[in-house]
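Here is the structure we will look at.
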Amino acid sequence: MALILNEEQKMLKDSAADFLKERSPIESLRRLRDTKDKQGYDTQVWQEMIEMGWTGLNIAEQYGGLGFGYVGLGQILEEIGRTLACSPLISSVVLGGALVNLIGTEAQKSILLSEIANGNMIVTAALDETNQHNPLVVNTMASKTEHGFVINGQKKFVLDGHIANQIIVSARTDSGIQLFVIPSDSEGLSVNQRILMDHRNASDISFENVSVPSSALLGKQEDAAEMIPKALDVARICLSAEMLGSMQEAFERTIAYLKERQQFGVPIGIFQGLQHRAAHMYCEIELCKGLVMKALQAIDMDSPDLAKLASTAKAKCGEVLQLVTNEAIQMFGGIGMTDDEEIGFFLKRARVAQQTFGDYNYHYDRYARLSGF
Amino acid sequence: MALILNEEQKMLKDSAADFLKERSPIESLRRLRDTKDKQGYDTQVWQEMIEMGWTGLNIAEQYGGLGFGYVGLGQILEEIGRTLACSPLISSVVLGGALVNLIGTEAQKSILLSEIANGNMIVTAALDETNQHNPLVVNTMASKTEHGFVINGQKKFVLDGHIANQIIVSARTDSGIQLFVIPSDSEGLSVNQRILMDHRNASDISFENVSVPSSALLGKQEDAAEMIPKALDVARICLSAEMLGSMQEAFERTIAYLKERQQFGVPIGIFQGLQHRAAHMYCEIELCKGLVMKALQAIDMDSPDLAKLASTAKAKCGEVLQLVTNEAIQMFGGIGMTDDEEIGFFLKRARVAQQTFGDYNYHYDRYARLSGF
Amino acid sequence: MQSATVKVDLDMFREETRAWLEENCPPSQRTTPPRGLEDCYAGGRKPYFHSEEQKIWFERMRDKGWTAPTWPKAYGGGGLTPQQAKVLKEEMKNLNCRVPLWSFGLMMLGPAILHYGTEEQKQKYIREIVNGEVWWCQGYSEPGSGSDLASLQTSAEDKGDHFLVNGQKVWTSYADRSDMIFCLVRTDKDAPKHKGISFLLIDMELEGVSVRPIKLISGKSPFCETFFENVKVPKENLVGTLNEGWSIAKNLLTHERTSIGIVTEEQPLHEYAIEKLGLVDGKLNDPYNRMQIAKWSMDRDALSSSIAKTIDEAKSGTQPGAKSSFFKYYSSELNKRRYELAMSVGGTDALEWGEDYMDGKLARDMCRTKANSIEGGTSEIQLNIISKRILGLPSK
Amino acid sequence: MQSATVKVDLDMFREETRAWLEENCPPSQRTTPPRGLEDCYAGGRKPYFHSEEQKIWFERMRDKGWTAPTWPKAYGGGGLTPQQAKVLKEEMKNLNCRVPLWSFGLMMLGPAILHYGTEEQKQKYIREIVNGEVWWCQGYSEPGSGSDLASLQTSAEDKGDHFLVNGQKVWTSYADRSDMIFCLVRTDKDAPKHKGISFLLIDMELEGVSVRPIKLISGKSPFCETFFENVKVPKENLVGTLNEGWSIAKNLLTHERTSIGIVTEEQPLHEYAIEKLGLVDGKLNDPYNRMQIAKWSMDRDALSSSIAKTIDEAKSGTQPGAKSSFFKYYSSELNKRRYELAMSVGGTDALEWGEDYMDGKLARDMCRTKANSIEGGTSEIQLNIISKRILGLPSK
């Protein structure tokens with residue numbers, strides 16, 4: 001498959017860029033932060049995203065989506081990364097959607113995917129229990145009862161957990177690790193909202209004797225330990241697309257600043273020390289572009305390389321976004337340290353995106369394992 | 001202890017510098033290489049080093065040395081690093097000497113140390129068995145017989161093994177790992193000389209039913225597994241001093257070249273891209289200077305920090321020498337790639353010194369272990 | 001070599017000092033404080049003490065002149081010899097005594113006035129600084145002059161009996177709480193840029209001075225913008241010679257660089273890593289972070305050996321020259337790396353950013369470290385200085 | 001979109017080609033060869049074949065014009081369409097067929113002559129190149145002009161019926177075995193430096209041409225210095241317009257950069273690492289090297305995605321522009337890292353440096369990779385090009 005966009009995808013990308021610049025610039029994020037908005041995103045903008053179909057791009061038509069594919073969704077996420085727009089796209093549409101799609105029964109898909117696609121429901125996943133991402137460390141227990149299960153345990157870093165309607169939680173059962181879809185208002189389930197440095201939200205969620213019916217089990221009886229990483233890979237690639245947008249925006253703003261800022265009577269972009277570092281960053285970003293495109297295609301093609309590509313994209317985008325945001329602050333100098341200047345928002349977002357779904361250390365290890373060394 | 005040289009040490013350093021520039025410049029190394037010299041060093045120069053007392057600086061007066069200490073010896077080694085002079089100083093005087101001094105009985109010290117100090121004997125150590133340095137991997141066996149031991153096994157990377165009179169070999173016995181001093185012409189001992197990329201020599205040595213008397217055991221009955229790393233630490237620090245000299249010389253030659261080489265009508269040292277990299281190297285070298293001095297003093301003071309300092313010095317000097325020699329070649333450009341230009345000799349020496357007594361990866365691990373993490 | 005008498009005197013001084021400190025330093029002032037202003041007494045016209053014991057401790061030290069131990073007694077300082085001051089420092093460290101007064105006056109302005117000031121200025125300002133009576137801030141940078149400090153535009157026009165000051169300063173630390181500011185101002189517009197600069201002391205209460213705090217990405221506001229609109233400054237507030245303020249500034253900047261050149265660790269990085277990652281077989285349960293932390297720790301150790309060596313050399317008469325640029329550059333970069341590693345080790349726990357500053361302290365501190373390589377001369381400027389002054393590489 | 005007819009034709013061509021290759025490519029020419037000249041036929045006036053089968057293979061391919069598959073039949077080339085040439089390449093790869101002829105004439109000079117040459121030049125030189133009759137080398141660099149190529153000094157004076165050439169070239173690949181050299185020479189000393197350069201073909205057998213091999217740090221001598229002393233070169237050997245040779249050179253350099261921009265691995269790095277370090281619980285027995293190799297492998301994968309993307313974009317009409325500088329820079333640095341990692345993994349085994357080149361091959365190859373970021377434009381030059389042409393950063 002050629003690593004280029006088709007006309008439809010290009011149009012989608014352009015219209016997303018226009019929409020986000022207009023409706024969700026970085027000022028919006030600042031406003032959400034300064035007004036201590038409990039929701040964490042702009043409901044009106046989210047509603048417009050739903051209306052434009054963004055929540056159904058990756059969902060098959062038979063489940064109420066548009067079946068447009070991940071390459072298309074990736075273009076929107078890239079533009080979202082540029083304006084740092086907050087929404088439950090990654091938590092609910094991408095990760096929630098992928099888990100349901102990969103593991104759910106036909107009946108569950110019919111209900112949940114269409115609710116996700118039409119924006120009526122926010123479905124997030126509670127997979128992590130440790131401060132370092134590792135979805136296979138599961139101490140949360142689901143014990144079988146007469147009519148279903150009782151769930152006990154603690155989950156960490158549940159993206160948008162504070163506003164989710166349904167939580168997909170991983171728990172250990174007699175059949176290994178399985179997933180359960182649990183309404184967030186269930187008795188015994190408590191959500192502790194945590195504000196993150198990028199001004200988004202994740203929650204610690206505790207399950208204390210939460211009773212659920214058998215139908216809460218996502219999918220059939222099989223162990224989900226194999227499919228969870230696959231759904232996460234979809235989310236990792238989508239997040240990489242978002243990070244790719246952020247790094248490009250931070251980089252372009254930095255280049256513009258280098259051309260504009262005068263010191264010693266010349267624009268500072270004239271100094272070769274900075275030029276070489278900028279050129280190096282350009283190369284690193286170009287690598288990410290190729291990778292993300294290839295990885296997005298791998299989802300659409302259900303490629304056997306998906307896992308390796310997901311780890312490569314997430315690790316590399318994590319590395320490069322960290323490099324670019326650090327260099328951006330340094331090149332902006334004192335101005336970059338001020339809250340008035342927007343560049344700092346990218347630095348903060350970079351650190352959260354880095355840790356979400358595994359940082360580069362996690363993915364170096366995983367890539368090596370997948371490659372047999 | 002103040003991290004400065006006293007007058008005697010300064011004088012020693014200066015006179016070593018003069019001697020080496022005159023008697024053992026890099027041309028000498030080139031000559032040894034081009035004439036395929038089997039010895040690997042200049043016998044006449046070595047004789048002069050002995051006469052100047054260099055082989056006895058670190059050996060106590062009671063054993064025929066000068067008892068001048070390692071800070072002094074380190075100054076000579078630093079100068080040796082500048083001209084890349086070949087000699088068995090590190091293999092015999094430093095490592096051989098330290099093993100005998102730390103582990104040998106009084107009688108063994110009296111004989112061996114004085115023979116090392118007066119240059120009559122070259123005593124090297126055969127400790128490694130794997131391509132990655134690890135002195136505690138010992139599969140060579142020493143089985144007890146009526147009158148002594150029979151030794152069987154394979155050793156690798158024995159510095160100057162091809163010209164040593166005595167080989168100190170580590171072997172496994174009933175009492176753990178022990179050392180044996182074995183004449184190199186013993187029956188069953190075969191030496192396979194290997195020429196290295198820095199044009200020095202190391203040997204693979206195999207021991208096939210080599211019979212030695214009980215007196216060949218270095219020291220008393222104790223396990224030597226604890227003292228071997230300590231002797232190696234002395235050697236690591238001394239080698240770091242040599243590497244410190246090499247990195248300074250390579251760096252200074254590079255700076256001189258940056259000032260001299262003209263491109264686009266200006267000396268290339270005017271370009272900020274190169275200036276910043278040069279300034280960064282300067283800082284890294286300064287760090288090595290402080291470290292090596294502190295580590296040399298730690299030997300003389302028998303400091304409890306010896307092991308950590310040795311690992312830090314060896315790791316850091318390995319890193320920085322690699323950086324500096326790579327940058328040197330790049331900054332010299334095409335000229336640096338030619339065999340006529342001497343800078344390439346530093347690149348090649350750096351790679352061998354890096355692997356000798358453990359590379360940086362080995363020492364990062366060891367430092368962490370020593371620090372409890 | 002120390003003579004025997006000096007040695008005996010020093011030993012006696014040490015004993016007396018220890019006894020005095022033990023008797024006079026209140027218990028609450030003997031715990032390691034957070035850095036800087038958050039917990040130290042800063043003086044000023046409107047003094048604020050965190051506790052009664054902090055006040056007692058400050059006053060007792062002030063009365064001995066030990067807020068500025070080596071400054072002359074004639075101006076209220078402690079009059080100690082460098083050796084004695086070292087002993088005092090060591091004994092304070094042994095007992096964990098906090099500094100009694102933390103101020104820019106002590107760290108920055110005082111040395112400049114002692115060096116360049118008139119007798120009157122010394123009598124007035126040094127005494128005020130020792131006694132913590134005035135809170136000083138620094139006015140060097142301007143919006144258009146970051147790395148190119150000498151391009152500053154704030155002007156001081158000679159109006160006969162006063163200077164008329166107009167312009168704007170930025171990065172003035174705690175200007176919103178300061179009583180006075182020491183400033184670089186342009187007193188000759190026609191001279192080459194380094195030549196027309198003077199060093200001026202300005203009272204923040206004067207008419208025409210206004211201040212606006214700058215909020216940083218860490219969420220804190222330790223710095224301000226400070227504006228001067230037709231501010232009339234008395235002539236006697238000039239320090240040093242007219243139009244030769246640049247040499248005072250350079251001197252102070254070197255001083256600032258040296259004081260920045262230290263990596264502080266409230267908790268050693270590897271201990272934090274053990275806490276967050278745990279040990280398996282005695283090794284951190286993440287080999288990559290383990291190696292990075294070992295590498296970082298080695299660099300920290302190496303830097304401290306290198307600083308110690310330079311200090312020892314300076315004692316034996318070798319001038320450190322431009323080495324402060326090396327320390328400034330390396331320690332800034334090292335500190336940034338430290339916090340990146342802490343973030344990596346902390347994982348998702350480290351991402352919290354509560355409403356309160358201490359809630360999510362690590363993330364905020366990490367943001368703060370990004371300024372290390374900007375303030376007091378950027379890393380790029382330090383590298384320029386090294387390449388020109390130490391390595392002698394050519395300039396355009 | 002391909003039309004159905006084209007598709008059928010291509011499929012037929014593929015079948016015929018496969019059959020022909022199977023029948024005509026001798027077994028010994030179907031193993032992966034070492035890179036470059038060590039094992040390939042290079043042509044020339046004094047041809048040297050490593051084996052009889054190599055000769056047969058070359059002659060059969062030459063007769064079809066498939067030493068240069070896409071070049072016009074009129075000059076002896078294969079006359080294939082780009083699609084057909086791709087099929088041929090794929091089928092050769094499937095059967096592991098070696099290239100029948102490896103020469104600078106094919107890679108560098110041919111495209112330039114086809115683009116800029118006269119009909120006479122095409123008839124003569126293109127045919128010779130296709131037939132492997134002349135061994136060409138390249139004469140661009142001079143001792144004083146490395147990165148600043150346009151500052152070259154070798155002069156060609158117009159003497160009416162010939163040019164009189166004087167000067168010195170360096171880094172002329174295998175000049176000691178070459179028959180002819182294509183050179184950049186200065187034909188107008190008074191013009192700005194890029195304007196007075198011409199592109200000239202010089203026979204190495206002419207009087208006044210001499211050659212001295214350069215020994216490299218790897219121990220090999222693939223390059224020479226080439227000297228011209230009053231060499232009389234016929235006027236018709238000028239390619240393109242007088243004084244406009246710089247555009248030909250730039251065109252060729254971009255070409256060279258692109259061909260350098262590929263990381264070759266005879267053995268994947270991680271396999272070599274498994275061989276040297278071994279696996280424990282499925283992991284390389286050295287966590288730090290393991291992580292570095294993972295990181296390196298990811299970068300390699302990323303670069304190849306990025307190259308593939310650029311090729312796909314080019315096919316759909318987007319000009320790659322200065323991107324060749326990015327590929328050149330990144331792949332050079334990647335290749336150097338690869339060899340540093342191999343040295344690290346190889347440990348003391350990798351340090352051997354026997355008398356024979358193959359004995360201690362890794363260490364020698366590592367030395368060789370250091371030239372990757374120098375030849376064909378240094379990494380610094382590539383970064384300059386990127387920062388100016390792609391990022392639009394200002395120049396002095």
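Chain labels run A, B, ... following the order of the structure tokens; each chain numbers its residues from 1, and ligands are numbered from 1 in the order shown.
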
Q: Skip Gly119 in chain A itself and residues of its chain fewer than 5 positions away, then list as a list in words all residues within 9 Å of it, counting only C-alpha atoms.
A: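 Close residues of Gly119 in chain A: Trp46, Gln47, Ile50, Glu51, Thr55, Gly56, Val93 and Ser114 of chain A.
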
For the residues in the current selection, export all heavy atoms as a PDB file, in the first residue's frame.
ATOM      1  N   TRP A  46     -17.140  18.970  21.384  1.00  0.00           N
ATOM      2  CA  TRP A  46     -17.279  17.516  21.311  1.00  0.00           C
ATOM      3  C   TRP A  46     -18.540  17.153  20.504  1.00  0.00           C
ATOM      4  O   TRP A  46     -18.522  16.272  19.653  1.00  0.00           O
ATOM      5  CB  TRP A  46     -17.329  16.952  22.731  1.00  0.00           C
ATOM      6  CG  TRP A  46     -17.588  15.467  22.881  1.00  0.00           C
ATOM      7  CD1 TRP A  46     -18.582  14.896  23.615  1.00  0.00           C
ATOM      8  CD2 TRP A  46     -16.856  14.376  22.310  1.00  0.00           C
ATOM      9  NE1 TRP A  46     -18.520  13.533  23.557  1.00  0.00           N
ATOM     10  CE2 TRP A  46     -17.467  13.188  22.745  1.00  0.00           C
ATOM     11  CE3 TRP A  46     -15.744  14.306  21.461  1.00  0.00           C
ATOM     12  CZ2 TRP A  46     -16.998  11.907  22.390  1.00  0.00           C
ATOM     13  CZ3 TRP A  46     -15.282  13.037  21.092  1.00  0.00           C
ATOM     14  CH2 TRP A  46     -15.909  11.861  21.554  1.00  0.00           C
ATOM     15  N   GLN A  47     -19.619  17.878  20.763  1.00  0.00           N
ATOM     16  CA  GLN A  47     -20.858  17.638  20.051  1.00  0.00           C
ATOM     17  C   GLN A  47     -20.665  17.856  18.537  1.00  0.00           C
ATOM     18  O   GLN A  47     -21.124  17.065  17.717  1.00  0.00           O
ATOM     19  CB  GLN A  47     -21.941  18.602  20.602  1.00  0.00           C
ATOM     20  CG  GLN A  47     -23.345  18.069  20.454  1.00  0.00           C
ATOM     21  CD  GLN A  47     -23.475  16.635  20.975  1.00  0.00           C
ATOM     22  OE1 GLN A  47     -23.043  16.316  22.077  1.00  0.00           O
ATOM     23  NE2 GLN A  47     -24.053  15.745  20.163  1.00  0.00           N
ATOM     24  N   ILE A  50     -18.791  14.988  17.042  1.00  0.00           N
ATOM     25  CA  ILE A  50     -19.706  13.859  16.840  1.00  0.00           C
ATOM     26  C   ILE A  50     -20.516  14.072  15.564  1.00  0.00           C
ATOM     27  O   ILE A  50     -20.650  13.182  14.726  1.00  0.00           O
ATOM     28  CB  ILE A  50     -20.650  13.713  18.057  1.00  0.00           C
ATOM     29  CG1 ILE A  50     -19.848  13.302  19.301  1.00  0.00           C
ATOM     30  CG2 ILE A  50     -21.759  12.697  17.772  1.00  0.00           C
ATOM     31  CD1 ILE A  50     -20.591  13.458  20.612  1.00  0.00           C
ATOM     32  N   GLU A  51     -21.008  15.294  15.421  1.00  0.00           N
ATOM     33  CA  GLU A  51     -21.829  15.596  14.251  1.00  0.00           C
ATOM     34  C   GLU A  51     -21.049  15.436  12.952  1.00  0.00           C
ATOM     35  O   GLU A  51     -21.587  15.021  11.931  1.00  0.00           O
ATOM     36  CB  GLU A  51     -22.401  17.015  14.347  1.00  0.00           C
ATOM     37  CG  GLU A  51     -23.648  17.046  15.234  1.00  0.00           C
ATOM     38  CD  GLU A  51     -23.930  18.437  15.792  1.00  0.00           C
ATOM     39  OE1 GLU A  51     -23.492  19.434  15.173  1.00  0.00           O
ATOM     40  OE2 GLU A  51     -24.559  18.520  16.878  1.00  0.00           O
ATOM     41  N   THR A  55     -16.418  10.426  15.583  1.00  0.00           N
ATOM     42  CA  THR A  55     -16.488   9.335  16.556  1.00  0.00           C
ATOM     43  C   THR A  55     -16.860   8.000  15.897  1.00  0.00           C
ATOM     44  O   THR A  55     -16.877   6.970  16.564  1.00  0.00           O
ATOM     45  CB  THR A  55     -17.537   9.662  17.639  1.00  0.00           C
ATOM     46  OG1 THR A  55     -18.754  10.074  16.976  1.00  0.00           O
ATOM     47  CG2 THR A  55     -17.067  10.786  18.531  1.00  0.00           C
ATOM     48  N   GLY A  56     -17.111   8.042  14.602  1.00  0.00           N
ATOM     49  CA  GLY A  56     -17.503   6.795  13.958  1.00  0.00           C
ATOM     50  C   GLY A  56     -16.586   6.380  12.823  1.00  0.00           C
ATOM     51  O   GLY A  56     -16.820   5.379  12.160  1.00  0.00           O
ATOM     52  N   VAL A  93     -13.418   6.423  21.900  1.00  0.00           N
ATOM     53  CA  VAL A  93     -13.619   5.980  20.519  1.00  0.00           C
ATOM     54  C   VAL A  93     -12.515   5.019  20.094  1.00  0.00           C
ATOM     55  O   VAL A  93     -12.765   3.984  19.487  1.00  0.00           O
ATOM     56  CB  VAL A  93     -13.694   7.193  19.568  1.00  0.00           C
ATOM     57  CG1 VAL A  93     -13.824   6.738  18.131  1.00  0.00           C
ATOM     58  CG2 VAL A  93     -14.849   8.097  19.976  1.00  0.00           C
ATOM     59  N   SER A 114     -22.226   1.306  18.568  1.00  0.00           N
ATOM     60  CA  SER A 114     -23.086   2.358  18.020  1.00  0.00           C
ATOM     61  C   SER A 114     -23.263   3.490  19.031  1.00  0.00           C
ATOM     62  O   SER A 114     -23.340   4.660  18.656  1.00  0.00           O
ATOM     63  CB  SER A 114     -24.429   1.794  17.563  1.00  0.00           C
ATOM     64  OG  SER A 114     -25.154   1.345  18.693  1.00  0.00           O
TER      65      SER A 114
END

Q.
Excluding Val209 in chain C and its own-chain neighbours fewer than 6 positions away, which residues fall within 12 Å of it when counting only C-alpha atoms? Please give them as a list of chain:residue names.
A.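 Counting only the stated atoms, we get C:Leu164, C:Val165, C:Asn166, C:Gly167, C:Gln168, C:Lys169, C:Ala175, C:Asp176, C:Ser178, C:Asp179, C:Met180, C:Ile181, C:Ile202, C:Asp203, C:Glu225, C:Thr226, C:Phe227, C:Phe228, C:Glu229, C:Asn230, C:Val231, C:Lys232, C:Val233.
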
Q. What residues in chain A have any atom no more than 8 Å from chain B when counting only C-alpha atoms, and can you write them as a list in words?
A. Phe271, Gln272, Gly273, Leu274, Gln275 and His276 of chain A

Q: Output as a list in words the set of chain C residues within 7 Å of chain A, with distances taken over only C-alpha atoms.
A: Ser145, Asp148, Ile214, Lys215, Leu216, Ile217, Tyr288, Gly346, Gly347, Thr348, Asp349, Leu351, Glu352, Trp353, Gly354, Ala363, Ala371 and Ile374 of chain C

Q: Pull out every residue of chain C that has at least one atom within 12 Å of chain D, counting only C-alpha atoms, and report them as a VMD selection string.
A: chain C and resid 283 285 to 292 294 to 295 396

**Q.** helix (DSSP H, G or I) positions in range 200-369 of chain B, given as a VMD selection string
**A.** chain B and resid 214 to 216 227 to 260 268 to 270 272 to 300 306 to 332 334 to 337 343 to 355 360 to 369

Q.
Taking 3 positions as the minimum chain separation for residues in the same chain, which residues sit within 9 Å of Phe13 in chain C when counting only C-alpha atoms? Answer as a PyMOL selection string.
A. chain C and resi 8-10+16-18+84+87-88

Create the file for the chosen residues now, containing C-alpha atoms and written as an mmCIF file, in the first residue's frame.
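The new file part-v4.cif reads:
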data_model
loop_
_atom_site.group_PDB
_atom_site.id
_atom_site.type_symbol
_atom_site.label_atom_id
_atom_site.label_comp_id
_atom_site.auth_asym_id
_atom_site.auth_seq_id
_atom_site.Cartn_x
_atom_site.Cartn_y
_atom_site.Cartn_z
ATOM 1 C CA VAL C 8 45.100 25.950 67.417
ATOM 2 C CA ASP C 9 43.129 29.173 67.000
ATOM 3 C CA LEU C 10 40.880 27.546 64.408
ATOM 4 C CA GLU C 16 33.224 27.935 70.553
ATOM 5 C CA THR C 17 31.158 28.115 67.418
ATOM 6 C CA ARG C 18 29.714 24.657 67.876
ATOM 7 C CA GLN C 84 36.800 30.729 60.123
ATOM 8 C CA VAL C 87 34.499 26.320 59.997
ATOM 9 C CA LEU C 88 31.220 28.125 60.692
#
